[in-house]
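S.K.: Structure: start_39.cif, mmCIF, C-alpha atoms.
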data_input
#
loop_
_atom_site.label_atom_id
_atom_site.label_comp_id
_atom_site.auth_asym_id
_atom_site.auth_seq_id
_atom_site.Cartn_x
_atom_site.Cartn_y
_atom_site.Cartn_z
CA MET Q 1014 19.77 19.81 27.68
CA ARG Q 1015 22.53 20.63 25.22
CA ALA Q 1016 23.48 23.76 27.14
CA ASP Q 1017 23.52 22.07 30.56
CA PRO Q 1018 23.38 18.26 30.19
CA LYS Q 1019 22.31 16.11 33.13
CA PRO Q 1020 23.00 12.38 33.53
CA LEU Q 1021 19.95 10.21 32.82
CA VAL Q 1022 20.22 6.69 34.22
CA GLY Q 1023 17.47 4.14 33.64
CA PHE Q 1024 16.14 1.39 31.43
CA SER Q 1025 12.86 -0.19 30.27
CA ASP Q 1026 10.39 2.66 29.53
CA ILE Q 1027 13.20 5.17 30.15
CA THR Q 1028 14.51 4.10 26.72
CA HIS Q 1029 11.93 6.45 25.19
CA LEU Q 1030 13.57 9.39 26.95
CA GLN Q 1031 17.08 8.21 26.11
CA LEU Q 1032 16.25 7.90 22.41
CA ALA Q 1033 14.65 11.35 22.40
CA LEU Q 1034 17.65 12.88 24.14
CA TRP Q 1035 19.99 11.47 21.53
CA HIS Q 1036 17.67 12.18 18.58
CA HIS Q 1037 17.03 15.83 19.45
CA CYS Q 1038 20.05 16.86 21.54
CA ARG Q 1039 22.86 14.31 20.97
CA VAL Q 1040 23.10 13.98 24.76
CA PRO Q 1041 24.32 10.55 25.92
CA SER Q 1042 22.78 8.62 28.81
CA VAL Q 1043 23.17 5.37 30.76
CA HIS Q 1044 21.11 2.22 30.28
CA GLY Q 1045 21.11 0.73 33.76
CA ALA Q 1046 19.85 0.82 37.33
CA LEU Q 1047 21.12 1.18 40.88
CA ALA Q 1048 19.80 -2.14 42.22
CA GLY Q 1049 22.67 -4.58 42.73
CA PRO Q 1050 26.44 -4.29 43.21
CA THR Q 1051 27.35 -4.72 39.53
CA ALA Q 1052 24.72 -2.18 38.53
CA GLN Q 1053 26.01 0.37 41.02
CA ALA Q 1054 29.67 -0.18 40.11
CA THR Q 1055 29.10 0.08 36.37
CA VAL Q 1056 26.86 3.14 36.65
CA ARG Q 1057 29.56 4.80 38.76
CA HIS Q 1058 32.19 3.87 36.15
CA ALA Q 1059 30.03 5.21 33.31
CA LEU Q 1060 29.47 8.55 35.04
CA MET Q 1061 32.80 9.13 36.77
CA SER Q 1062 35.63 7.25 35.07
CA THR Q 1063 37.79 8.44 32.20
CA ASP Q 1064 38.74 4.85 31.32
CA PRO Q 1065 36.95 2.77 28.68
CA ALA Q 1066 34.61 0.04 29.93
CA VAL Q 1067 34.99 -3.48 28.56
CA VAL Q 1068 31.86 -5.64 28.78
CA LEU Q 1069 32.28 -9.38 28.33
CA ARG Q 1070 29.85 -11.88 26.88
CA ARG Q 1071 28.55 -14.31 29.52
CA PRO Q 1072 28.55 -17.76 27.91
CA GLY Q 1073 25.63 -18.98 30.01
CA ALA Q 1074 23.35 -16.11 28.99
CA LEU Q 1075 20.43 -17.03 26.74
CA THR Q 1076 21.40 -14.63 23.94
CA ALA Q 1077 25.03 -15.79 23.98
CA GLN Q 1078 23.85 -18.53 21.59
CA ILE Q 1079 23.27 -15.88 18.90
CA SER Q 1080 26.79 -14.44 18.79
CA THR Q 1081 28.57 -14.41 15.43
CA THR Q 1082 32.10 -13.43 14.45
CA GLY Q 1083 33.33 -10.09 13.15
CA THR Q 1084 34.01 -6.61 14.45
CA ALA Q 1085 32.21 -3.28 14.26
CA ALA Q 1086 32.69 0.26 15.53
CA GLY Q 1087 30.10 2.99 15.94
CA THR Q 1088 27.86 4.85 18.36
CA LEU Q 1089 25.95 2.59 20.76
CA ILE Q 1090 22.22 3.36 20.55
CA GLY Q 1091 19.19 1.46 21.79
CA GLY Q 1092 17.75 -0.05 24.95
CA ASN Q 1093 14.46 -1.81 25.50
CA LEU Q 1094 13.33 -3.45 22.24
CA THR Q 1095 9.66 -2.53 22.70
CA ALA Q 1096 10.58 1.13 23.20
CA VAL Q 1097 12.99 1.12 20.25
CA ALA Q 1098 10.51 -0.41 17.81
CA THR Q 1099 7.62 1.81 18.89
CA SER Q 1100 9.84 4.87 18.41
CA VAL Q 1101 10.05 4.38 14.64
CA GLY Q 1102 8.91 7.60 12.97
CA VAL Q 1103 8.64 9.42 16.31
CA ARG Q 1104 11.90 9.64 18.25
CA LEU Q 1105 14.14 6.91 16.85
CA PRO Q 1106 17.47 8.45 15.81
CA ASP Q 1107 19.11 7.65 12.50
CA LEU Q 1108 20.96 4.38 13.12
CA SER Q 1109 23.35 4.72 10.19
CA GLY Q 1110 26.81 3.79 11.44
CA ALA Q 1111 25.44 2.80 14.85
CA ILE Q 1112 25.75 -0.35 16.94
CA LEU Q 1113 22.22 -1.24 18.05
CA PHE Q 1114 21.68 -2.59 21.57
CA VAL Q 1115 18.37 -4.27 22.46
CA GLU Q 1116 16.94 -6.24 25.39
CA ASP Q 1117 13.43 -6.98 26.61
CA LEU Q 1118 11.32 -8.65 29.24
CA ARG Q 1119 8.66 -11.27 28.65
CA HIS Q 1120 5.34 -9.46 28.74
CA LYS Q 1121 3.90 -11.20 25.66
CA GLY Q 1122 4.82 -14.19 23.51
CA LEU Q 1123 7.41 -14.79 20.81
CA GLY Q 1124 5.07 -13.41 18.16
CA PHE Q 1125 5.23 -9.99 19.79
CA VAL Q 1126 9.03 -9.97 19.63
CA ASP Q 1127 8.82 -11.04 15.99
CA ARG Q 1128 6.49 -8.13 15.22
CA LEU Q 1129 8.82 -5.62 16.92
CA LEU Q 1130 11.82 -6.84 14.94
CA THR Q 1131 9.81 -6.95 11.70
CA GLN Q 1132 8.73 -3.34 12.27
CA LEU Q 1133 12.38 -2.28 12.58
CA LEU Q 1134 13.40 -4.27 9.51
CA MET Q 1135 10.57 -3.24 7.19
CA SER Q 1136 10.74 0.42 8.20
CA GLY Q 1137 14.35 0.52 7.00
CA SER Q 1138 15.53 1.59 10.45
CA LEU Q 1139 18.24 -1.09 10.54
CA ASP Q 1140 19.61 -0.49 7.03
CA GLY Q 1141 22.68 1.41 8.23
CA VAL Q 1142 23.38 -0.49 11.45
CA VAL Q 1143 26.97 -1.81 11.61
CA GLY Q 1144 26.62 -4.18 14.59
CA ILE Q 1145 24.10 -5.53 17.09
CA VAL Q 1146 24.44 -6.15 20.83
CA LEU Q 1147 21.90 -8.40 22.52
CA GLY Q 1148 21.20 -7.91 26.20
CA SER Q 1149 18.89 -9.96 28.37
CA PHE Q 1150 15.89 -11.88 27.05
CA GLU Q 1151 16.08 -14.21 30.05
CA GLY Q 1152 12.34 -14.08 30.67
CA PHE Q 1153 11.89 -16.15 27.50
CA ARG Q 1154 14.27 -18.91 28.59
CA ASP Q 1155 11.56 -21.59 28.95
CA VAL Q 1156 9.24 -20.36 26.20
CA ASP Q 1157 8.61 -22.70 23.27
CA ASP Q 1158 6.03 -21.83 20.61
CA ARG Q 1159 5.49 -24.61 18.06
CA GLY Q 1160 9.14 -25.52 18.20
CA TRP Q 1161 10.45 -21.94 18.10
CA THR Q 1162 12.39 -20.25 20.90
CA ILE Q 1163 13.50 -16.67 21.45
CA VAL Q 1164 16.92 -17.68 20.12
CA ASP Q 1165 15.26 -18.77 16.86
CA VAL Q 1166 13.28 -15.54 16.54
CA LEU Q 1167 16.23 -13.26 17.24
CA SER Q 1168 18.54 -15.26 14.98
CA GLU Q 1169 16.12 -15.37 12.06
CA ARG Q 1170 15.11 -11.72 12.18
CA LEU Q 1171 18.41 -10.06 13.08
CA GLY Q 1172 20.47 -12.42 10.94
CA ARG Q 1173 18.92 -10.65 7.96
CA VAL Q 1174 20.76 -7.45 8.85
CA GLY Q 1175 24.05 -9.13 7.96
CA VAL Q 1176 26.25 -7.51 10.59
CA PRO Q 1177 28.27 -8.86 13.54
CA ILE Q 1178 26.09 -9.80 16.53
CA LEU Q 1179 27.34 -9.95 20.10
CA GLY Q 1180 24.91 -11.77 22.37
CA GLY Q 1181 25.18 -12.60 26.03
CA VAL Q 1182 25.58 -9.09 27.45
CA ASP Q 1183 24.10 -8.99 30.96
CA ALA Q 1184 22.15 -5.75 30.61
CA GLY Q 1185 18.40 -5.37 30.94
CA HIS Q 1186 15.49 -7.17 32.55
CA ASP Q 1187 15.24 -10.41 34.54
CA LEU Q 1188 18.89 -10.58 35.61
CA GLU Q 1189 19.99 -11.63 39.08
CA GLY Q 1190 23.15 -11.13 41.10
CA ALA Q 1191 24.90 -13.67 43.31
CA ASP Q 1192 22.54 -12.85 46.19
CA GLY Q 1193 19.44 -13.56 44.09
CA GLY Q 1194 18.48 -9.90 43.87
CA PRO Q 1195 18.21 -7.83 40.69
CA ASP Q 1196 21.49 -6.82 39.11
CA GLN Q 1197 22.82 -5.93 35.67
CA THR Q 1198 25.63 -4.23 33.79
CA ALA Q 1199 25.11 -0.56 32.93
CA LEU Q 1200 25.90 0.54 29.37
CA PRO Q 1201 26.55 4.15 28.35
CA LEU Q 1202 24.50 5.06 25.28
CA GLY Q 1203 25.51 7.66 22.73
CA VAL Q 1204 29.22 6.86 23.07
CA HIS Q 1205 31.68 5.30 20.66
CA ALA Q 1206 31.70 1.51 20.97
CA GLU Q 1207 33.81 -1.27 19.50
CA LEU Q 1208 32.26 -4.72 19.18
CA ASP Q 1209 34.31 -7.89 18.73
CA ALA Q 1210 31.81 -10.72 18.40
CA GLY Q 1211 34.48 -13.41 18.08
CA ALA Q 1212 36.25 -12.33 21.26
CA GLY Q 1213 32.97 -11.64 23.05
CA THR Q 1214 33.81 -8.05 24.01
CA LEU Q 1215 32.15 -4.66 23.83
CA THR Q 1216 34.47 -1.72 24.54
CA LEU Q 1217 32.76 1.55 25.43
CA GLU Q 1218 34.21 5.05 25.42
CA PRO Q 1219 33.65 6.87 28.75
CA LEU Q 1220 30.96 9.53 28.96
CA CYS Q 1221 33.59 11.88 30.36
CA HIS Q 1222 35.09 12.18 26.88
CA ARG Q 1223 31.94 13.84 25.56
#
Just give me the structure of the file as structure tokens.
M.R.:
Amino acid sequence: MRADPKPLVGFSDITHLQLALWHHCRVPSVHGALAGPTAQATVRHALMSTDPAVVLRRPGALTAQISTTGTAAGTLIGGNLTAVATSVGVRLPDLSGAILFVEDLRHKGLGFVDRLLTQLLMSGSLDGVVGIVLGSFEGFRDVDDRGWTIVDVLSERLGRVGVPILGGVDAGHDLEGADGGPDQTALPLGVHAELDAGAGTLTLEPLCHR
């Protein structure tokens, strides 16, 4: 892969492959899909453009409620939260100096998300993270567990890291386009990123620079 890199585009379980590619080969990839006009346009930009991509926070997104202030710069690493947390000790790269991106679908309750985040925290995997980007957790929008919501779980767990958090990025599961079909924003992984939580922006270096 290092000698003749190929573009890997995908998300969800594909995160396992993307983490392994970065961990073993330092080969970047694209978190995204080709279903939906935004998805197609942003994948094309990630693979073919030499211009930086600027991703904006969507105020109406569920995780937009978790945004803080502050700025951070580092390599964007991550993807599906379940895949990231279950990669600890196996294929999870060193996250020192990285901006961590996570998203997930609702396949279990809030307690499962809490366990994934606790695994990352207690393993020390997040000790060197400089910023956090939250993608879609839209599947949890109507979930309430004894007064707790996904916003509470993410805020309580990730707030302990003490770094700027940019929520509301429309990347990941359970997102729809204007026509009601699946759609999302593609994010290049393994590239330099600049996060401005106050301004609600994530600026991503093009893959073509690597």
S.K.: Once the PyMOL selection byres ((chain Q and resi 1070-1087) around 6) has been evaluated on this model, what residues remain selected, and can you format them as a ChimeraX atom specification?
M.R.: /Q:1069,1088,1110-1112,1144,1177-1182,1205-1211,1213
S.K.: Applying the PyMOL selection byres ((chain Q and resi 1055-1059) around 10) to the file I just gave you, which residues come out? Please list them as number ranges by chain.
M.R.: Q: 1022-1023, 1042-1047, 1050-1054, 1060-1066, 1068, 1197-1202, 1217-1221
S.K.: Just to be explicit: take each residue in the selection above, keep C-alpha atoms, and write the result as an mmCIF file, in the frame of the given file.
M.R.:
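Listed below is the output, part.cif:
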data_model
loop_
_atom_site.group_PDB
_atom_site.id
_atom_site.type_symbol
_atom_site.label_atom_id
_atom_site.label_comp_id
_atom_site.auth_asym_id
_atom_site.auth_seq_id
_atom_site.Cartn_x
_atom_site.Cartn_y
_atom_site.Cartn_z
ATOM 1 C CA VAL Q 1022 20.220 6.690 34.220
ATOM 2 C CA GLY Q 1023 17.470 4.140 33.640
ATOM 3 C CA SER Q 1042 22.780 8.620 28.810
ATOM 4 C CA VAL Q 1043 23.170 5.370 30.760
ATOM 5 C CA HIS Q 1044 21.110 2.220 30.280
ATOM 6 C CA GLY Q 1045 21.110 0.730 33.760
ATOM 7 C CA ALA Q 1046 19.850 0.820 37.330
ATOM 8 C CA LEU Q 1047 21.120 1.180 40.880
ATOM 9 C CA PRO Q 1050 26.440 -4.290 43.210
ATOM 10 C CA THR Q 1051 27.350 -4.720 39.530
ATOM 11 C CA ALA Q 1052 24.720 -2.180 38.530
ATOM 12 C CA GLN Q 1053 26.010 0.370 41.020
ATOM 13 C CA ALA Q 1054 29.670 -0.180 40.110
ATOM 14 C CA LEU Q 1060 29.470 8.550 35.040
ATOM 15 C CA MET Q 1061 32.800 9.130 36.770
ATOM 16 C CA SER Q 1062 35.630 7.250 35.070
ATOM 17 C CA THR Q 1063 37.790 8.440 32.200
ATOM 18 C CA ASP Q 1064 38.740 4.850 31.320
ATOM 19 C CA PRO Q 1065 36.950 2.770 28.680
ATOM 20 C CA ALA Q 1066 34.610 0.040 29.930
ATOM 21 C CA VAL Q 1068 31.860 -5.640 28.780
ATOM 22 C CA GLN Q 1197 22.820 -5.930 35.670
ATOM 23 C CA THR Q 1198 25.630 -4.230 33.790
ATOM 24 C CA ALA Q 1199 25.110 -0.560 32.930
ATOM 25 C CA LEU Q 1200 25.900 0.540 29.370
ATOM 26 C CA PRO Q 1201 26.550 4.150 28.350
ATOM 27 C CA LEU Q 1202 24.500 5.060 25.280
ATOM 28 C CA LEU Q 1217 32.760 1.550 25.430
ATOM 29 C CA GLU Q 1218 34.210 5.050 25.420
ATOM 30 C CA PRO Q 1219 33.650 6.870 28.750
ATOM 31 C CA LEU Q 1220 30.960 9.530 28.960
ATOM 32 C CA CYS Q 1221 33.590 11.880 30.360
#
S.K.: From the list Q:Arg1128, Q:Arg1119, Q:Arg1170, Q:Arg1159, which residue is nearest Ser1025 in chain Q when using all atoms listed in the file?
M.R.: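 Distance minimum relative to Ser1025 in chain Q lands on Q:Arg1119.
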S.K.: So, with only C-alpha atoms as the atoms that count, which of Q:Leu1089, Q:Leu1032, Q:Ala1096, Q:Leu1105 lies closest to Gly1203 in chain Q?
M.R.: Q:Leu1089
S.K.: Could you jot down the CA of Gly1185 in chain Q to CA of Ser1149 in chain Q separation for me, Å, one decimal place?
M.R.: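 Going from CA of Gly1185 in chain Q over to CA of Ser1149 in chain Q, I get 5.3 Å.
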S.K.: Please report the interatomic distance between CA of Phe1114 in chain Q and CA of Leu1094 in chain Q in Å with one decimal.
M.R.: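 Calculated distance between CA of Phe1114 in chain Q and CA of Leu1094 in chain Q is 8.4 Å.
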S.K.: What do you get, as a PyMOL selection string, if you spell out every residue that the PyMOL selection byres ((chain Q and resi 1138) around 9) selects here?
M.R.: chain Q and resi 1101+1105-1109+1132-1137+1139-1142
S.K.: Out of Q:Leu1167, Q:Ile1027, Q:Val1174, Q:Leu1188, which residue has the shortest atom-to-atom distance to Leu1118 in chain Q when counting all atoms listed in the file?
M.R.: Q:Leu1188
S.K.: If you take every atom of range 1070-1082 of chain Q that the file lists and fit an axis-aligned box around them with 3 Å extra on each side, what centre and edge lengths come out in Å to one decimal, as AutoDock Vina command-line options?
M.R.:
--center_x 26.3 --center_y -15.4 --center_z 22.2 --size_x 17.7 --size_y 13.1 --size_z 21.6
S.K.: Mind pulling up the distance from CA of Val1097 in chain Q to CA of His1036 in chain Q?
M.R.: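 Computed distance, CA of His1036 in chain Q to CA of Val1097 in chain Q, equals 12.1 Å.
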S.K.: Between Q:Ala1191, Q:Val1103, Q:Ile1090, Q:Leu1171, which is the closest to Gly1049 in chain Q once you count all atoms listed in the file?
M.R.: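 Looking at the shortest contact to Gly1049 in chain Q, the residue is Q:Ala1191.
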S.K.: Need the neighbours of (13.0, -0.8, 25.2): which residues are at most 8 Å away, counting all atoms listed in the file, as a ChimeraX atom specification?
M.R.: /Q:1024-1029,1091-1098,1115-1117
S.K.: Point out the residue among Q:Val1067, Q:Asp1165, Q:Ala1033, Q:Pro1041 with the least atom-to-atom distance to Thr1216 in chain Q, counting all atoms listed in the file.
M.R.: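 Looking at the shortest contact to Thr1216 in chain Q, the residue is Q:Val1067.
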